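Here the structure comes first, spelled out in structure tokens, and everything after it is commentary.
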Amino acid sequence: MRSGNFKQNVGELIALTDSKSVATWSCLLMVALIGAPMVLDAHLLGLVTVILFTLVGALGLNILMGYTGLVSLGHVGFLVLGAYGYAVTVGIHGLHPLLGFLMAGIVPAIAGVIVGAPSLRLKGIYLAITTMAFAFIINTAILEADFITNGSSGIFLPRPTMFGISFKSDAAFYWLCLFFAVAALAVTLNIRRSRIGRAFMAIRDNDIAAQSMGINLIAYKLLAFVMSAFMTGIAGALFGVYLSFVTVEGFTFHLTIEALAILVVGGLGSALGVVLGTILIVLLPEITGVLLSLTGDAAQEVMATKAFEVRNILYGVIIIGFLRFDPTGLVGIWKDVQRTWVNWPLKY
Amino acid sequence: MNIKSLPTTLGLVAGLLLGTATGALAEQQGITDTEILIGEVLPVSGPPALLGFAHTLGVKAAAAEINAAGGINGRMIRIIVEDDGYVNSRTVEGVRKLLTVHKVFALTSLSGAAQGLTVLPLVRDSGIPAISPIGIAEELHTPLVPNIFVVGSTYDAASEAIVRELSALNPGKSWGIIVQDDEYGSLTHQGFDRALADLKFDVAYDDKYTRGQRDFSSEMLRLQASGAELFMMGGIIAENVGMAKELERLGYDIPLGSSFVGRVPAILKLMGDAGSNLYATDYVVPEQSEKGIAFLEKLSGFLTEDEMAATNRYTFTGYIAARAMFEAISRCGAEPTWDCTIEKLEGLTDFETGISSPVSFSADDHFARLELGLMKANVDVLAFEPVK
Amino acid sequence: MNYLIQLTATGIAIGAIYGLIAMAFALVYKSTGLINFAQGEVAMMVAYLTWAFAGQFGSGLIGVAVFTIVAGMVLGLVIERLLIRPMMGEPIFSIVLVTIGLAVILRSLVLLIWDASPHPMGIEAASELIRIGNLNMRAGQVFVIGLMGALLVASWAFFRYSRYGIAMRAVADDDRTALLMGVNTARVQAVAWAASSTIAGMAGVCFAALYDISPDIYSIGLKAFPAAILGGLDAVLGSAFGGIIVGLIENMTGGYMSSTIKEISGFVLIVGVLMIRPSGLFGQREIERV
């Protein structure tokens, strides 16, 4: 067992983790994820794909809410802008998908500046409401701007082909999502350790104190919005490609709640937490399906027609349950388990 | 080895290792010696369940009717319903599951218009025979998709028909129209515009509302102030009810046109007397017609009392789609395949279901356009009856 | 001219419903400093309970009114006891998230217990037509305007004269000092939740009686948001006026501009108000000390 943290050169300081086992396991996990399409059937592969692009969006929200402490109830607005940014570029104008992904990040990022501006004046609940209003306004704006967006007719999105690689097959699209998820995770993990990340967290903990330490509140709050919107927009584009058809109807307010649930369940402000939260929330319907199939016929009868209601109630119960009994979320539980494992049979 | 072939090679190796892929391909999925599996993806929970559940009842009745008569060439029909709650991402998941987990033989619903579009690439690439009677989007049939068939009528055709019919009944009268701010609304408006281009009536009022709106006081006031003498209500259920009641409050009693989408008994119950001047066009017969009564009588043999209470026009459309699909499968004889089923569907001409005009497909047209008939609400019995 | 009068009258009627919900928002905010994101859902739940009650025991007006009040109070107290009080001392945002979770649960519960189709509320008296001058109004519309007026007076008197009202103002001002002064803050908050749910419930029942009951009527909560913000989140009476203003703005934009603008006018208003005067028209300006 290690007796302390000893850094002997710069390389060790820069490394994301100093634990050999964490690095090994991460590599193994990576290999397993890359090989997953060979083993999983189409349904399971679809689920893992959903987990991956949801993770990108959730990590985006985490930068804003988890790191910077700015509450957004309008993240679905960035998601829909990202999907449209990609769809308009690729689906309507037929430009290169790479440019599409770029636009999927840039368009929401610009909106992020606009939505972020009130955050300089507003705090907490008031900011949450402004962002929520933004989400509603953006939907109407997209419908009204039908000369750009096709309005209510929606846009068809073929799976992209980039650098000679076609992402048409489910496996290839899965790898594309995997790439973006890993990239998003790397960005999130590294931001934390940079000047930017430390400034974000200082703002979260006490913005007035942060300001007095010389952190430019305006710049960093806007930066948080921009980065968060950019990542969420990419997730929106992936979501759009996954659905292969983009309309405003596909992006309901419910997605915002789902994203909040992911952060709360996983543990706010922790990348690992977001990963765990995403897995749990995306798999929740499957889990409930399995659980209820174990019960009697009466429950199955309910499930036949009321499956989504039962699932939504579970969403609510899980959100409230974690807030009430374990605010640190799954990542807190994971840490507790780890500690118990290492120290057993001693308490600490 | 280039990147493209890597996945295939690895996939092949994995497939061989698991020993599944090669064996399963040999026989047609979804068919055993005793059963044929039919899949549907539909909203059976949440507000749109009003249409989704009614549709499943129609398919269920059609299957029960065939099964009672010995099934399709001796095989019983079993139906698997995946609930999508009218949410596009769930529709994708549902179809995926039907195709790969349940391995169904055919699909008798692709959910609503936007949902159908979402799963279009998935269904097209799989090659499974599918028929969709709800929310017919143009892309489902034009350009032709080899394995997708649609039956019914489009929103724009329905709205054009009602405008033409009501104009014929009330010549020279001016129109007002309000539509929803989505695809359904814009199609409704297109149909209206086509009738307008031909008949050249006056349009006194033309507006668009946001989905989910409940209070129509200002809109209906504008309609009244505009002096429109006929009104095309482009809402679905709650919206049309809100408008009709508001017009009743204003004491503005004019003929109201509506599409088949919300033509369900619930709307008349909600409207009360405000619905006494409500017209609609539909491609299935109204409940209060001879054929409608006979059909409901037949249904009651296959459905429970609770289920009968949940039937509406979508039960009729579901029945039509299911019957057409089952007919094609049965024409394939003892060993039905996807290709054969598609071929037989294309060969289906003047297929009678008794509750609509005959269903006909052809090799270059997979859209069976059914005739639209005018009907009027009867608020006393909460049902629609034909207009002579 | 008649056109304008019509627009105004119906605008005030729908505005009164928004105003009632906005009052419910403000009551909770004033006593606990949090926004109840489940306010619309609470209104819907009470409406559904009342609908079930009326279907079972008949739709006599007095019975329905008494049941609405009781159901609202009980629901408010249960929520406060089970979900809000245990969260005391947690960051405000956590409690707000709890109410979001509650909103999701209530929405699904309604679908689980009842069904997804719209139904007539069954209170015939509400849809009867009343002729005032040369305009027709539904009895329910007139009633809800009257109800709003009555509640305005009642809550003014409550905050001015009653023990609880004064205690509530004290808690809103500074809950620690109030606690030190012997105010039972927990009980004050319970009363606030009960009152808030009751008022929201009344609004829900009125809305359902006018526009039928269906599982999407929780959206009146979203429409009332702008009203509460405009009036000032901590101003109970101000929020009510905010409701009327939002109702009027909606009807004027709908009557003179277009219907799609009408539906988002409220949200545009929120952004505008928050940018210019975050504390609303009647709210107290927040001063932050370092």
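Going by the structure tokens order, chains are called A, B, ..., each with residues numbered from 1, while ligands are numbered from 1 in the order shown.
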Please determine the contact residues of chain A with respect to chain B at a cut-off of 7 Å, counting only C-alpha atoms, and supply them as a ChimeraX atom specification. /A:38-39,42-43,152-153,165,243-245,250,305-306,308
Please dump the current selection as a CSV table (one decimal), in the first residue's frame; keep N, CA, C and O atoms.
```csv
chain,number,residue,atom,x,y,z
A,38,MET,N,-18.5,-6.2,-31.0
A,38,MET,CA,-18.4,-7.6,-31.4
A,38,MET,C,-19.2,-8.6,-30.6
A,38,MET,O,-19.6,-9.6,-31.0
A,39,VAL,N,-19.5,-8.2,-29.4
A,39,VAL,CA,-20.1,-9.1,-28.4
A,39,VAL,C,-21.6,-8.8,-28.2
A,39,VAL,O,-22.4,-9.7,-28.2
A,42,ALA,N,-27.7,-6.0,-31.1
A,42,ALA,CA,-28.0,-4.6,-31.5
A,42,ALA,C,-28.7,-3.8,-30.4
A,42,ALA,O,-28.5,-2.6,-30.3
A,43,HIS,N,-29.6,-4.4,-29.7
A,43,HIS,CA,-30.3,-3.7,-28.7
A,43,HIS,C,-29.4,-3.2,-27.6
A,43,HIS,O,-29.4,-2.0,-27.2
A,152,SER,N,-41.3,23.2,-38.8
A,152,SER,CA,-41.9,22.1,-38.1
A,152,SER,C,-41.7,20.8,-38.9
A,152,SER,O,-42.0,19.7,-38.4
A,153,SER,N,-41.2,20.9,-40.2
A,153,SER,CA,-41.1,19.7,-41.0
A,153,SER,C,-39.9,18.8,-40.5
A,153,SER,O,-39.9,17.6,-40.8
A,165,ILE,N,-14.4,7.0,-43.8
A,165,ILE,CA,-15.0,6.0,-43.0
A,165,ILE,C,-16.5,6.2,-43.0
A,165,ILE,O,-16.9,7.3,-42.7
A,243,LEU,N,-31.1,9.6,-33.9
A,243,LEU,CA,-32.5,9.5,-34.3
A,243,LEU,C,-32.7,9.5,-35.8
A,243,LEU,O,-33.7,9.1,-36.3
A,244,SER,N,-31.7,10.1,-36.5
A,244,SER,CA,-31.7,10.2,-38.0
A,244,SER,C,-32.7,11.2,-38.4
A,244,SER,O,-33.0,11.4,-39.6
A,245,PHE,N,-33.4,11.9,-37.5
A,245,PHE,CA,-34.4,12.9,-37.9
A,245,PHE,C,-34.6,13.9,-36.8
A,245,PHE,O,-34.7,13.5,-35.6
A,250,GLY,N,-38.7,16.3,-30.7
A,250,GLY,CA,-37.8,15.3,-30.0
A,250,GLY,C,-37.1,15.8,-28.8
A,250,GLY,O,-36.5,15.0,-28.1
A,305,THR,N,-49.3,-1.2,-19.9
A,305,THR,CA,-49.8,0.1,-20.4
A,305,THR,C,-49.2,1.3,-19.6
A,305,THR,O,-49.3,2.4,-20.1
A,306,LYS,N,-48.6,1.1,-18.5
A,306,LYS,CA,-48.2,2.2,-17.7
A,306,LYS,C,-46.7,2.2,-17.4
A,306,LYS,O,-46.2,2.8,-16.5
A,308,PHE,N,-44.1,3.7,-18.7
A,308,PHE,CA,-43.4,5.0,-18.6
A,308,PHE,C,-43.8,5.8,-17.4
A,308,PHE,O,-42.9,6.5,-16.8
```
Kindly provide the residues of chain B that approach chain C to within 6 Å, each paired with its closest atom pair and their distance in Å to one decimal, based on only C-alpha atoms, listed by chain and increasing number, as a Markdown table.
```
| residue | atom | partner | partner_atom | distance |
| --- | --- | --- | --- | --- |
| B:Gly46 | CA | C:Ala116 | CA | 5.6 |
| B:Pro47 | CA | C:Ala116 | CA | 4.4 |
| B:Lys208 | CA | C:Ser259 | CA | 5.9 |
| B:Tyr209 | CA | C:Thr260 | CA | 5.0 |
| B:Thr210 | CA | C:Thr260 | CA | 5.3 |
| B:Ser218 | CA | C:Gly255 | CA | 5.0 |
| B:Leu270 | CA | C:Pro120 | CA | 5.4 |
```
Output file for the residues above (N, CA and C atoms, as a compact mmCIF listing (two decimals), in the first residue's frame):
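Final output, part22.txt:
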```txt
# COMPACT_ATOMS: atom_id res chain seq x y z
N GLY B 46 -49.21 7.61 -21.64
CA GLY B 46 -49.19 9.05 -21.87
C GLY B 46 -50.39 9.49 -22.69
N PRO B 47 -50.57 10.80 -22.85
CA PRO B 47 -51.76 11.32 -23.53
C PRO B 47 -52.01 10.72 -24.93
N LYS B 208 -51.98 30.90 -36.33
CA LYS B 208 -51.25 29.71 -35.93
C LYS B 208 -51.12 29.77 -34.41
N TYR B 209 -51.30 28.65 -33.73
CA TYR B 209 -51.16 28.67 -32.28
C TYR B 209 -50.07 27.68 -31.86
N THR B 210 -49.63 27.81 -30.61
CA THR B 210 -48.58 26.94 -30.08
C THR B 210 -49.20 25.68 -29.51
N SER B 218 -58.63 34.99 -27.11
CA SER B 218 -58.31 36.08 -28.03
C SER B 218 -58.42 35.63 -29.48
N LEU B 270 -66.46 16.09 -24.54
CA LEU B 270 -65.89 17.30 -23.96
C LEU B 270 -66.58 18.54 -24.50
```
If we count only C-alpha atoms, what is near range 83-96 of chain A at a cut-off of 12 Å, once residues fewer than 5 positions away on the same chain are taken out, given as a PyMOL selection string? chain A and resi 57+76-78+101-111+138-139+141-143+145-151+154-164+229-248+250-251
Among range 120-281 of chain B, which ones does DSSP place in strand (DSSP E), written as a compact mmCIF listing (two decimals) with C-alpha atoms, in the first residue's frame?
```txt
# COMPACT_ATOMS: atom_id res chain seq x y z
CA ALA B 130 -44.13 -2.78 -42.52
CA ILE B 131 -47.50 -1.10 -42.87
CA SER B 132 -48.40 2.20 -41.24
CA ILE B 148 -42.93 0.15 -46.26
CA PHE B 149 -46.62 0.42 -47.07
CA VAL B 150 -49.02 3.07 -45.90
CA VAL B 151 -52.78 3.04 -45.91
CA GLY B 152 -55.22 5.85 -45.27
CA TRP B 175 -63.36 30.95 -44.21
CA GLY B 176 -61.29 31.26 -41.08
CA ILE B 177 -58.46 28.87 -40.23
CA ILE B 178 -56.11 28.26 -37.32
CA VAL B 179 -53.41 25.60 -37.30
CA GLN B 180 -50.93 24.16 -34.85
CA VAL B 203 -60.15 34.03 -46.11
CA ALA B 204 -61.17 36.28 -43.24
CA TYR B 205 -58.95 34.85 -40.53
CA ASP B 206 -55.67 32.94 -40.64
CA ASP B 207 -53.55 32.23 -37.56
CA LYS B 208 -51.25 29.71 -35.93
CA TYR B 209 -51.16 28.67 -32.28
CA LEU B 230 -66.87 28.78 -41.87
CA PHE B 231 -64.02 27.71 -39.60
CA MET B 232 -61.28 25.14 -40.09
CA MET B 233 -60.07 24.05 -36.65
CA GLY B 234 -56.53 22.76 -37.04
CA LEU B 256 -66.67 23.90 -37.82
CA GLY B 257 -64.41 21.74 -39.94
CA SER B 258 -61.89 19.35 -38.38
CA LEU B 278 -68.83 20.02 -35.99
CA TYR B 279 -67.91 18.34 -39.28
CA ALA B 280 -65.03 16.05 -40.16
CA THR B 281 -63.75 14.01 -43.06
```
Measure the distance from CA of Ala195 in chain C to CA of Ala71 in chain C in Å and round it to one decimal.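 If I compute the distance from CA of Ala195 in chain C to CA of Ala71 in chain C, I get 11.2 Å.
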Please, which residues of chain C lie no more than 9 Å from chain A when the count uses only C-alpha atoms, and can they be set out as a compact mmCIF listing (two decimals) with N, CA, C and O atoms, in the first residue's frame?
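File result.txt, as written:
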```txt
# COMPACT_ATOMS: atom_id res chain seq x y z
N LEU C 34 -37.69 29.30 -1.31
CA LEU C 34 -37.48 28.41 -2.45
C LEU C 34 -38.67 28.45 -3.39
O LEU C 34 -39.78 28.80 -2.99
N ILE C 35 -38.40 28.10 -4.64
CA ILE C 35 -39.48 28.05 -5.61
C ILE C 35 -39.96 26.62 -5.70
O ILE C 35 -39.17 25.70 -5.84
N LEU C 83 -41.20 15.80 2.51
CA LEU C 83 -40.12 16.12 1.59
C LEU C 83 -39.34 17.38 1.93
O LEU C 83 -38.14 17.45 1.72
N PRO C 86 -37.50 17.59 6.12
CA PRO C 86 -36.24 16.85 6.34
C PRO C 86 -35.07 17.49 5.61
O PRO C 86 -33.91 17.20 5.94
N MET C 87 -35.36 18.33 4.62
CA MET C 87 -34.27 18.92 3.85
C MET C 87 -33.81 20.25 4.43
O MET C 87 -32.93 20.90 3.87
N ILE C 92 -30.33 25.57 -0.76
CA ILE C 92 -31.63 25.85 -1.38
C ILE C 92 -31.79 25.05 -2.67
O ILE C 92 -32.85 24.51 -2.96
N PHE C 93 -30.69 24.97 -3.44
CA PHE C 93 -30.84 24.33 -4.73
C PHE C 93 -31.22 22.86 -4.61
O PHE C 93 -31.98 22.34 -5.41
N SER C 94 -30.72 22.20 -3.56
CA SER C 94 -31.11 20.80 -3.36
C SER C 94 -32.61 20.69 -3.14
O SER C 94 -33.25 19.78 -3.65
N ILE C 95 -33.15 21.64 -2.36
CA ILE C 95 -34.59 21.56 -2.07
C ILE C 95 -35.38 21.85 -3.34
O ILE C 95 -36.41 21.22 -3.60
N VAL C 96 -34.87 22.78 -4.15
CA VAL C 96 -35.55 23.06 -5.41
C VAL C 96 -35.57 21.80 -6.29
O VAL C 96 -36.57 21.45 -6.89
N LEU C 97 -34.45 21.09 -6.29
CA LEU C 97 -34.40 19.84 -7.06
C LEU C 97 -35.39 18.83 -6.53
O LEU C 97 -36.00 18.07 -7.28
N VAL C 98 -35.58 18.83 -5.20
CA VAL C 98 -36.58 17.92 -4.62
C VAL C 98 -37.95 18.25 -5.20
O VAL C 98 -38.72 17.35 -5.57
N THR C 99 -38.26 19.55 -5.31
CA THR C 99 -39.59 19.88 -5.84
C THR C 99 -39.68 19.48 -7.32
O THR C 99 -40.76 19.12 -7.79
N ILE C 100 -38.56 19.53 -8.04
CA ILE C 100 -38.60 19.07 -9.44
C ILE C 100 -38.89 17.57 -9.47
O ILE C 100 -39.70 17.09 -10.25
N GLY C 101 -38.24 16.84 -8.57
CA GLY C 101 -38.53 15.40 -8.47
C GLY C 101 -39.99 15.16 -8.14
O GLY C 101 -40.64 14.30 -8.72
N LEU C 102 -40.51 15.98 -7.23
CA LEU C 102 -41.92 15.86 -6.84
C LEU C 102 -42.82 16.11 -8.05
O LEU C 102 -43.83 15.42 -8.25
N ALA C 103 -42.45 17.10 -8.86
CA ALA C 103 -43.25 17.42 -10.04
C ALA C 103 -43.34 16.21 -10.97
O ALA C 103 -44.42 15.85 -11.44
N VAL C 104 -42.20 15.57 -11.17
CA VAL C 104 -42.18 14.39 -12.04
C VAL C 104 -43.08 13.30 -11.47
O VAL C 104 -43.88 12.68 -12.18
N ILE C 105 -42.99 13.09 -10.16
CA ILE C 105 -43.79 12.05 -9.53
C ILE C 105 -45.28 12.34 -9.65
O ILE C 105 -46.08 11.48 -10.04
N LEU C 106 -45.66 13.60 -9.36
CA LEU C 106 -47.09 13.92 -9.38
C LEU C 106 -47.66 13.76 -10.79
O LEU C 106 -48.76 13.25 -10.99
N ARG C 107 -46.92 14.23 -11.79
CA ARG C 107 -47.37 14.10 -13.17
C ARG C 107 -47.65 12.65 -13.51
O ARG C 107 -48.67 12.32 -14.11
N SER C 108 -46.70 11.77 -13.15
CA SER C 108 -46.86 10.37 -13.52
C SER C 108 -47.95 9.71 -12.68
O SER C 108 -48.66 8.84 -13.17
N LEU C 109 -48.07 10.14 -11.42
CA LEU C 109 -49.11 9.56 -10.57
C LEU C 109 -50.48 9.78 -11.17
O LEU C 109 -51.32 8.88 -11.19
N VAL C 110 -50.70 11.00 -11.67
CA VAL C 110 -51.99 11.30 -12.27
C VAL C 110 -52.27 10.35 -13.43
O VAL C 110 -53.36 9.80 -13.56
N LEU C 111 -51.24 10.12 -14.24
CA LEU C 111 -51.42 9.21 -15.38
C LEU C 111 -51.59 7.77 -14.92
O LEU C 111 -52.29 6.99 -15.54
N LEU C 112 -50.95 7.45 -13.82
CA LEU C 112 -50.99 6.08 -13.33
C LEU C 112 -52.36 5.77 -12.71
O LEU C 112 -52.95 4.73 -12.96
N PHE C 225 -45.43 31.28 -13.73
CA PHE C 225 -44.07 31.68 -13.40
C PHE C 225 -43.80 33.15 -13.71
O PHE C 225 -43.40 33.92 -12.84
N ILE C 229 -42.73 36.22 -11.13
CA ILE C 229 -41.50 36.98 -11.29
C ILE C 229 -41.81 38.46 -11.49
O ILE C 229 -41.17 39.33 -10.90
N THR C 260 -48.87 32.68 -31.84
CA THR C 260 -47.63 32.03 -31.40
C THR C 260 -46.84 32.94 -30.47
O THR C 260 -46.20 32.48 -29.54
N ILE C 261 -46.90 34.25 -30.74
CA ILE C 261 -46.20 35.19 -29.85
C ILE C 261 -46.87 35.18 -28.48
O ILE C 261 -46.21 35.23 -27.45
N ILE C 264 -45.45 32.57 -25.95
CA ILE C 264 -44.14 32.75 -25.32
C ILE C 264 -43.99 34.15 -24.73
O ILE C 264 -42.95 34.47 -24.16
N GLY C 266 -45.05 35.39 -22.14
CA GLY C 266 -44.73 35.30 -20.73
C GLY C 266 -43.25 35.09 -20.48
O GLY C 266 -42.64 35.75 -19.63
N PHE C 267 -42.66 34.19 -21.27
CA PHE C 267 -41.25 33.87 -21.05
C PHE C 267 -40.35 35.02 -21.49
O PHE C 267 -39.32 35.28 -20.89
N VAL C 268 -40.77 35.69 -22.56
CA VAL C 268 -40.01 36.87 -22.98
C VAL C 268 -40.06 37.92 -21.87
O VAL C 268 -39.06 38.55 -21.52
N ILE C 270 -40.40 37.35 -18.67
CA ILE C 270 -39.51 36.94 -17.56
C ILE C 270 -38.11 37.45 -17.81
O ILE C 270 -37.50 38.09 -16.94
N VAL C 271 -37.60 37.16 -19.01
CA VAL C 271 -36.22 37.53 -19.29
C VAL C 271 -36.06 39.05 -19.17
O VAL C 271 -35.12 39.55 -18.55
N LEU C 274 -36.25 40.14 -15.46
CA LEU C 274 -35.08 39.74 -14.68
C LEU C 274 -33.86 40.57 -15.05
O LEU C 274 -33.00 40.84 -14.20
N MET C 275 -33.77 40.96 -16.32
CA MET C 275 -32.62 41.76 -16.73
C MET C 275 -32.70 43.17 -16.14
O MET C 275 -31.69 43.75 -15.75
N PRO C 278 -34.70 42.51 -11.26
CA PRO C 278 -34.86 41.12 -10.82
C PRO C 278 -35.86 40.95 -9.68
O PRO C 278 -36.44 39.88 -9.53
N VAL C 290 -21.32 40.96 2.20
CA VAL C 290 -20.19 40.03 2.09
C VAL C 290 -19.79 39.58 3.49
O VAL C 290 -19.64 40.40 4.39
```
CA of Ala238 in chain B and CA of Gln190 in chain B, how far apart in Å?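 Separation of CA of Gln190 in chain B and CA of Ala238 in chain B: 22.4 Å.
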Could you pull out the helix (DSSP H, G or I) residues of range 27-135 of chain B from DSSP and send them as a VMD selection string? chain B and resid 49 to 68 88 to 100 113 to 126
Which residues come within 10 Å of Val236 in chain C, counting only C-alpha atoms, excluding same-chain residues fewer than 4 positions away, as a ChimeraX atom specification? /C:19-20,22-30,152,155-156,159,228,231-232,240-242,282-283
Please dump the current selection as an mmCIF file, in the first residue's frame; keep C-alpha atoms.
```cif
data_model
loop_
_atom_site.group_PDB
_atom_site.id
_atom_site.type_symbol
_atom_site.label_atom_id
_atom_site.label_comp_id
_atom_site.auth_asym_id
_atom_site.auth_seq_id
_atom_site.Cartn_x
_atom_site.Cartn_y
_atom_site.Cartn_z
ATOM 1 C CA GLY C 19 -52.459 35.135 -10.358
ATOM 2 C CA LEU C 20 -53.712 32.523 -7.911
ATOM 3 C CA ALA C 22 -48.432 33.024 -8.644
ATOM 4 C CA MET C 23 -49.682 33.779 -5.122
ATOM 5 C CA ALA C 24 -49.010 30.143 -4.258
ATOM 6 C CA PHE C 25 -45.468 30.491 -5.596
ATOM 7 C CA ALA C 26 -44.939 33.650 -3.587
ATOM 8 C CA LEU C 27 -46.278 32.200 -0.341
ATOM 9 C CA VAL C 28 -43.748 29.387 -0.411
ATOM 10 C CA TYR C 29 -40.943 31.657 -1.545
ATOM 11 C CA LYS C 30 -41.662 34.202 1.135
ATOM 12 C CA LEU C 152 -56.321 39.301 -2.131
ATOM 13 C CA SER C 155 -54.214 37.565 2.457
ATOM 14 C CA TRP C 156 -53.678 41.292 2.978
ATOM 15 C CA PHE C 159 -50.248 39.390 6.722
ATOM 16 C CA ALA C 228 -44.763 35.574 -9.975
ATOM 17 C CA GLY C 231 -44.974 40.753 -9.356
ATOM 18 C CA GLY C 232 -41.921 39.923 -7.280
ATOM 19 C CA ALA C 240 -51.540 38.260 -7.945
ATOM 20 C CA PHE C 241 -51.399 41.535 -9.867
ATOM 21 C CA GLY C 242 -48.575 40.059 -11.923
ATOM 22 C CA PHE C 282 -43.506 44.795 -5.999
ATOM 23 C CA GLY C 283 -40.731 42.678 -4.552
#
```
List as number ranges by chain the protein and nucleic acid residues near Tyr314 in chain B, meaning an atom at most 6 Å away when only C-alpha atoms are counted, but skip any in the same chain fewer than 3 places from it. B: 51, 54-55, 317-318
CA of Met45 in chain C and CA of Gly280 in chain C, how far apart in Å? 28.8 Å
For Cys206 in chain C, please output as a list of chain:residue names all residues within 8 Å (counting only C-alpha atoms; exclusion window: fewer than 5 positions along the same chain).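 Using only C-alpha atoms, the neighbours found are C:Ile17, C:Gly140, C:Val144.
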Output file for the residues above (all heavy atoms, as a PDB file, in the first residue's frame):
```pdb
ATOM      1  N   ILE C  17     -56.437  33.229 -12.855  1.00  0.00           N
ATOM      2  CA  ILE C  17     -55.962  31.866 -12.561  1.00  0.00           C
ATOM      3  C   ILE C  17     -54.435  31.869 -12.415  1.00  0.00           C
ATOM      4  O   ILE C  17     -53.892  31.312 -11.461  1.00  0.00           O
ATOM      5  CB  ILE C  17     -56.422  30.888 -13.661  1.00  0.00           C
ATOM      6  CG1 ILE C  17     -57.937  30.750 -13.599  1.00  0.00           C
ATOM      7  CG2 ILE C  17     -55.752  29.532 -13.467  1.00  0.00           C
ATOM      8  CD1 ILE C  17     -58.522  29.849 -14.654  1.00  0.00           C
ATOM      9  N   GLY C 140     -67.793  30.387 -14.408  1.00  0.00           N
ATOM     10  CA  GLY C 140     -66.511  30.059 -13.798  1.00  0.00           C
ATOM     11  C   GLY C 140     -65.508  31.190 -13.934  1.00  0.00           C
ATOM     12  O   GLY C 140     -64.699  31.433 -13.035  1.00  0.00           O
ATOM     13  N   VAL C 144     -63.819  33.063 -10.772  1.00  0.00           N
ATOM     14  CA  VAL C 144     -62.397  33.040 -10.451  1.00  0.00           C
ATOM     15  C   VAL C 144     -61.866  34.459 -10.250  1.00  0.00           C
ATOM     16  O   VAL C 144     -60.994  34.697  -9.400  1.00  0.00           O
ATOM     17  CB  VAL C 144     -61.593  32.248 -11.507  1.00  0.00           C
ATOM     18  CG1 VAL C 144     -61.438  33.000 -12.808  1.00  0.00           C
ATOM     19  CG2 VAL C 144     -60.235  31.858 -10.969  1.00  0.00           C
TER      20      VAL C 144
END
```
Can you tell me which residues surround Met202 in chain C at a distance of at most 9 Å, considering only C-alpha atoms, apart from same-chain residues fewer than 3 positions away, and format the answer as a list in words?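 My reading of the contact set: Ile17, Leu20, Ile21, Ala43, Val46, Ala47, Ala65, Thr68, Ile69, Gly72, Val144, Ser197, Thr198, Ile199, Val205, Cys206 and Phe207 of chain C.
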Of the candidates A:Leu33, A:Ala271, A:Leu189, A:Val337, which shows the shortest atom-to-atom distance to Thr17 in chain A, using only C-alpha atoms?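 The answer is A:Leu189, which sits nearest to Thr17 in chain A.
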Go through B:Thr353, B:Asn312, B:Ser300, B:Thr154 and flag the residue nearest Ala61 in chain B, using only C-alpha atoms for the distances.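 Among the listed residues, B:Ser300 lies closest to Ala61 in chain B.
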